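Structure data (TSV, C-alpha atoms) from structure-v6.tsv:
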```tsv
chain	number	residue	atom	x	y	z
A	521	MET	CA	0.25	-60.76	-13.34
A	522	GLY	CA	3.97	-60.58	-12.68
A	523	LYS	CA	5.56	-58.66	-9.82
A	524	GLY	CA	7.32	-56.38	-12.27
A	525	LEU	CA	4.03	-55.33	-13.83
A	526	ILE	CA	2.48	-54.74	-10.42
A	527	VAL	CA	5.43	-52.56	-9.41
A	528	LEU	CA	5.14	-50.65	-12.67
A	529	ILE	CA	1.42	-50.05	-12.13
A	530	VAL	CA	2.05	-48.86	-8.57
A	531	VAL	CA	4.80	-46.50	-9.75
A	532	VAL	CA	2.57	-45.10	-12.50
A	533	LEU	CA	-0.28	-44.57	-10.01
A	534	ILE	CA	2.05	-42.81	-7.59
A	535	LEU	CA	3.37	-40.59	-10.38
A	536	LEU	CA	-0.15	-39.76	-11.52
A	537	MET	CA	-1.19	-38.92	-7.96
A	538	PHE	CA	1.94	-36.82	-7.44
A	539	GLY	CA	1.39	-35.08	-10.77
A	540	GLY	CA	-2.22	-34.36	-9.90
A	541	MET	CA	-1.21	-32.90	-6.54
A	542	TYR	CA	1.47	-30.80	-8.22
A	543	VAL	CA	-0.92	-29.39	-10.83
A	544	SER	CA	-3.56	-28.62	-8.20
A	545	SER	CA	-1.05	-26.96	-5.90
A	546	LYS	CA	0.50	-24.93	-8.71
A	547	ASN	CA	-2.91	-23.71	-9.90
A	548	GLN	CA	-3.72	-22.51	-6.40
A	549	MET	CA	-0.35	-20.76	-6.14
A	550	VAL	CA	-1.04	-19.00	-9.43
A	551	ALA	CA	-4.47	-17.90	-8.21
A	552	LYS	CA	-3.14	-16.64	-4.87
A	553	ASN	CA	-0.27	-14.81	-6.55
A	554	GLU	CA	-2.70	-13.14	-8.94
A	555	ALA	CA	-4.83	-12.11	-5.96
A	556	ILE	CA	-1.78	-10.34	-4.51
A	557	LYS	CA	-1.26	-8.46	-7.79
A	558	SER	CA	-4.93	-7.54	-8.02
A	559	ASN	CA	-5.04	-6.30	-4.43
A	560	PHE	CA	-1.88	-4.25	-4.91
A	561	ALA	CA	-3.42	-2.67	-8.01
A	562	GLU	CA	-6.19	-1.40	-5.73
A	563	VAL	CA	-3.59	-0.08	-3.27
A	564	ASP	CA	-1.76	1.59	-6.15
A	565	ASN	CA	-4.95	3.25	-7.40
A	566	ASN	CA	-5.63	4.69	-3.94
A	567	MET	CA	-2.05	5.93	-3.59
A	568	LYS	CA	-2.33	7.66	-6.98
A	569	ARG	CA	-5.73	9.08	-6.06
A	570	ARG	CA	-4.20	10.64	-2.97
A	571	ALA	CA	-1.24	11.91	-4.97
A	572	ASP	CA	-3.67	13.59	-7.38
A	573	LEU	CA	-5.28	15.49	-4.50
A	574	ILE	CA	-1.97	16.85	-3.23
A	575	PRO	CA	-1.29	19.59	-5.86
A	576	ASN	CA	-4.66	21.28	-5.22
A	577	LEU	CA	-4.17	20.96	-1.46
A	578	VAL	CA	-0.69	22.47	-1.68
A	579	GLU	CA	-1.90	25.35	-3.87
A	580	THR	CA	-4.67	26.11	-1.39
A	581	VAL	CA	-2.23	26.18	1.52
A	582	LYS	CA	0.27	28.22	-0.52
A	583	GLY	CA	-2.32	30.94	-0.91
A	584	ILE	CA	-2.24	31.51	2.84
A	585	ALA	CA	1.05	30.01	4.03
A	586	GLY	CA	3.25	30.74	1.04
A	587	GLN	CA	6.44	30.95	3.08
A	588	GLU	CA	6.47	27.22	3.90
A	589	GLN	CA	8.57	26.44	0.83
A	590	LYS	CA	10.56	23.63	2.45
A	591	VAL	CA	7.46	21.53	3.11
A	592	PHE	CA	6.06	22.25	-0.35
A	593	GLY	CA	9.35	21.05	-1.84
A	594	GLU	CA	9.32	17.87	0.26
A	595	ILE	CA	5.79	17.04	-0.87
A	596	ALA	CA	6.61	17.68	-4.54
A	597	GLN	CA	9.67	15.45	-4.36
A	598	ALA	CA	7.87	12.64	-2.51
A	599	ARG	CA	4.95	12.77	-4.96
A	600	SER	CA	7.32	12.62	-7.92
A	601	GLN	CA	9.07	9.56	-6.47
A	602	LEU	CA	5.71	7.85	-5.97
A	603	LEU	CA	4.52	8.49	-9.51
A	604	ASN	CA	7.84	7.31	-10.96
A	605	ALA	CA	8.17	4.17	-8.80
A	606	SER	CA	7.74	0.87	-10.63
A	607	THR	CA	7.88	-1.97	-8.10
A	608	PRO	CA	5.48	-2.49	-5.18
A	609	ALA	CA	8.33	-2.07	-2.69
A	610	ASP	CA	9.41	1.24	-4.27
A	611	LYS	CA	5.83	2.51	-4.42
A	612	ILE	CA	5.22	1.65	-0.78
A	613	ALA	CA	8.45	3.37	0.30
A	614	ALA	CA	7.62	6.46	-1.77
A	615	ASN	CA	4.07	6.55	-0.43
A	616	ASN	CA	5.39	6.50	3.14
A	617	GLN	CA	7.48	9.55	2.22
A	618	VAL	CA	4.36	11.24	0.85
A	619	THR	CA	2.49	10.48	4.07
A	620	GLY	CA	5.24	12.00	6.19
A	621	ALA	CA	5.45	15.16	4.08
A	622	LEU	CA	1.66	15.48	3.98
A	623	GLY	CA	1.51	15.16	7.75
A	624	ARG	CA	4.00	18.01	8.11
A	625	LEU	CA	1.94	20.13	5.74
A	626	LEU	CA	-1.25	19.56	7.72
A	627	ALA	CA	0.54	20.24	11.00
A	628	ILE	CA	1.78	23.59	9.65
A	629	ALA	CA	-1.59	24.42	8.13
A	630	GLU	CA	-3.16	24.06	11.56
A	631	ASN	CA	-1.40	27.30	12.53
A	632	TYR	CA	-3.35	29.26	9.92
A	633	PRO	CA	-6.95	30.01	11.01
A	634	GLN	CA	-7.81	31.26	7.52
A	635	LEU	CA	-7.69	27.68	6.26
A	636	LYS	CA	-10.58	26.72	8.55
A	637	SER	CA	-12.81	29.11	6.64
A	638	SER	CA	-11.60	27.93	3.23
A	639	GLU	CA	-14.30	25.77	1.64
A	640	ASN	CA	-11.82	24.48	-0.92
A	641	PHE	CA	-9.35	23.38	1.76
A	642	MET	CA	-12.05	21.69	3.85
A	643	ARG	CA	-13.40	19.89	0.77
A	644	LEU	CA	-9.92	18.66	-0.15
A	645	GLN	CA	-9.34	17.57	3.44
A	646	ASP	CA	-12.58	15.53	3.34
A	647	GLU	CA	-11.55	13.92	0.05
A	648	LEU	CA	-8.13	13.17	1.50
A	649	ALA	CA	-9.68	11.56	4.59
A	650	GLY	CA	-11.91	9.38	2.41
A	651	THR	CA	-8.93	8.33	0.31
A	652	GLU	CA	-6.92	7.51	3.44
A	653	ASN	CA	-9.74	5.21	4.58
A	654	ARG	CA	-9.87	3.44	1.22
A	655	LEU	CA	-6.10	3.10	1.26
A	656	ALA	CA	-6.19	1.55	4.74
A	657	VAL	CA	-8.80	-1.01	3.64
A	658	SER	CA	-6.96	-1.93	0.44
A	659	ARG	CA	-3.65	-2.10	2.32
A	660	LYS	CA	-5.08	-4.64	4.77
A	661	ARG	CA	-6.59	-6.70	1.95
A	662	TYR	CA	-3.23	-6.69	0.15
A	663	ASN	CA	-1.30	-7.76	3.26
A	664	ASP	CA	-3.88	-10.47	3.98
A	665	SER	CA	-3.46	-11.89	0.48
A	666	ILE	CA	0.33	-12.05	0.91
A	667	GLN	CA	-0.09	-13.82	4.24
A	668	ASP	CA	-2.51	-16.30	2.67
A	669	TYR	CA	-0.11	-16.99	-0.19
A	670	ASN	CA	2.93	-17.38	2.09
A	671	THR	CA	1.03	-19.71	4.41
A	672	PHE	CA	-0.08	-21.85	1.48
A	673	ILE	CA	3.37	-22.30	-0.08
A	674	GLY	CA	4.87	-22.96	3.34
A	675	GLN	CA	2.60	-25.91	4.02
A	676	PHE	CA	3.57	-29.46	3.10
A	677	PRO	CA	3.46	-30.70	0.35
A	678	ASN	CA	3.03	-27.25	-1.24
A	679	SER	CA	6.48	-26.32	0.05
A	680	LEU	CA	7.92	-29.08	-2.18
A	681	PHE	CA	5.96	-27.98	-5.22
A	682	ALA	CA	6.62	-24.23	-4.77
A	683	GLY	CA	10.30	-24.49	-5.67
A	684	MET	CA	9.57	-26.80	-8.58
A	685	ALA	CA	6.99	-24.36	-9.94
A	686	GLY	CA	9.17	-21.28	-9.39
A	687	PHE	CA	7.17	-19.74	-6.54
A	688	GLN	CA	8.94	-18.03	-3.66
A	689	ARG	CA	7.88	-16.40	-0.43
A	690	ASN	CA	6.60	-12.84	-0.90
A	691	ASN	CA	7.90	-10.34	1.66
A	692	ASP	CA	6.52	-7.16	0.03
A	693	TYR	CA	4.14	-6.41	2.88
A	694	TYR	CA	2.87	-2.86	3.10
A	695	GLN	CA	4.52	-1.80	6.36
A	696	ILE	CA	3.93	1.57	7.97
A	697	SER	CA	7.13	3.17	9.26
A	698	GLU	CA	7.46	4.36	12.84
A	699	SER	CA	7.92	7.93	11.61
A	700	GLU	CA	4.64	7.66	9.71
A	701	LYS	CA	2.84	6.41	12.82
A	702	ALA	CA	4.10	9.48	14.64
A	703	VAL	CA	2.63	11.91	12.10
A	704	PRO	CA	0.01	14.02	13.89
A	705	LYS	CA	-3.60	13.61	12.87
A	706	VAL	CA	-5.03	17.03	12.26
A	707	ASP	CA	-8.74	17.70	12.61
A	708	PHE	CA	-9.45	21.26	11.54
A	709	GLY	CA	-13.06	20.94	12.54
A	710	ASN	CA	-12.17	20.50	16.21
A	711	SER	CA	-8.79	22.23	16.45
A	712	PRO	CA	-8.78	25.40	18.57
A	713	ALA	CA	-7.58	28.47	16.77
A	714	PRO	CA	-4.11	29.65	17.75
A	715	ALA	CA	-4.02	32.64	20.09
A	716	THR	CA	-1.69	34.50	17.78
A	717	GLN	CA	-1.27	34.44	14.05
A	718	PRO	CA	2.19	33.60	12.64
A	719	ASN	CA	4.20	36.42	11.22
A	720	LYS	CA	4.33	36.49	7.46
```

Let me see the file written as structure tokens.
Amino acid sequence: MGKGLIVLIVVVLILLMFGGMYVSSKNQMVAKNEAIKSNFAEVDNNMKRRADLIPNLVETVKGIAGQEQKVFGEIAQARSQLLNASTPADKIAANNQVTGALGRLLAIAENYPQLKSSENFMRLQDELAGTENRLAVSRKRYNDSIQDYNTFIGQFPNSLFAGMAGFQRNNDYYQISESEKAVPKVDFGNSPAPATQPNK
């Protein structure tokens, strides 16, 4: 067997090995990228579920605190932006706006003792709390899947194959803004009633 043939065989074997590694790496990138999409779909469903609760919550509060028009307007606008957002980044940004407006609504509602005796309001608050918990779980799962994907494509030799296969780092993490972290958590079950009732 001539040296040229041996070299050719070695080159072919190297190409086959490289091709096999490329195909395997690309398949895993596809799977991890699909996991990100699937996990965000769950986040999106929970954001929409919360948005669907807001109109009934607002109407209940309006019945008692009808003068708080500014907050009602902020919630309506934030909810509209969320429902009309198309990209994950836009939906996350809009949802953070909804969270801030919703926090202001609950903080104001705390000043109205009548809401504590409203079965409808308390039921909606319980549903909202359950949705918030589901959103927190799905948000973590989504962020974890992005981290897993980014780690994978950053490792050698996947980092070589990622560019060839058209995969890039994903930076669409669901980040909670500082203003959202500062939103007060209102517990109407344990909140003391105000000494005086606001003027209407």

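The space separating CA of Ser679 (chain A) from CA of Met537 (chain A) comes to 16.8 Å.
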
Determine, counting only C-alpha atoms, which protein, DNA and RNA residues have an atom within 12 Å of an atom of region 651-663 of chain A; residues of the same chain fewer than 3 positions away are not included. Present the result as an MDAnalysis selection string. chainID A and resid 552:574 608 612 615 619 622 644:648 666:670 690:696 705

Between CA of Gln617 (chain A) and CA of Gly593 (chain A), what is the distance, to one decimal in Å? 12.3 Å

Set the distance at 10 Å and use all atoms listed in the file: which residues neighbour Lys546 (chain A) once local chain neighbours fewer than 4 positions away are removed? I'd like the list as number ranges by chain. A: 540-542, 550-552, 673, 678, 681-682, 684-687

For the atom pair CA of Arg689 (chain A) and CA of Ala609 (chain A), what is the interatomic distance in Å to one decimal place?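 Going from CA of Arg689 (chain A) over to CA of Ala609 (chain A) covers 14.5 Å.
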
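Shortest separation to Pro575 (chain A) among A:Arg624, A:Phe641, A:Ala614, A:Met549 occurs at residue A:Phe641, atoms counted being only C-alpha atoms.
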
Proximity to Pro633 (chain A) - best of A:Ala585, A:Val543, A:Phe676, A:Leu533, all atoms listed in the file: A:Ala585

The centre and edge lengths of an axis-aligned box containing all atoms of region 637-655 of chain A present in the file, extended by 4 Å on each side, are to be given in Å to one decimal, as JSON.
```
{"center_x": -10.2, "center_y": 16.1, "center_z": 2.9, "size_x": 16.2, "size_y": 34.0, "size_z": 15.6}
```

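For the choices A:Asn547, A:Val531, A:Gly539, A:Arg643, the atom-to-atom distance to Asn576 (chain A) is smallest for A:Arg643 when using all atoms listed in the file.
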
Find, counting only C-alpha atoms, the residue in A:Glu579, A:Ile628, A:Gln589, A:Val618 that gets nearest to Leu603 (chain A).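 Of all the options, A:Val618 lies closest to Leu603 (chain A).
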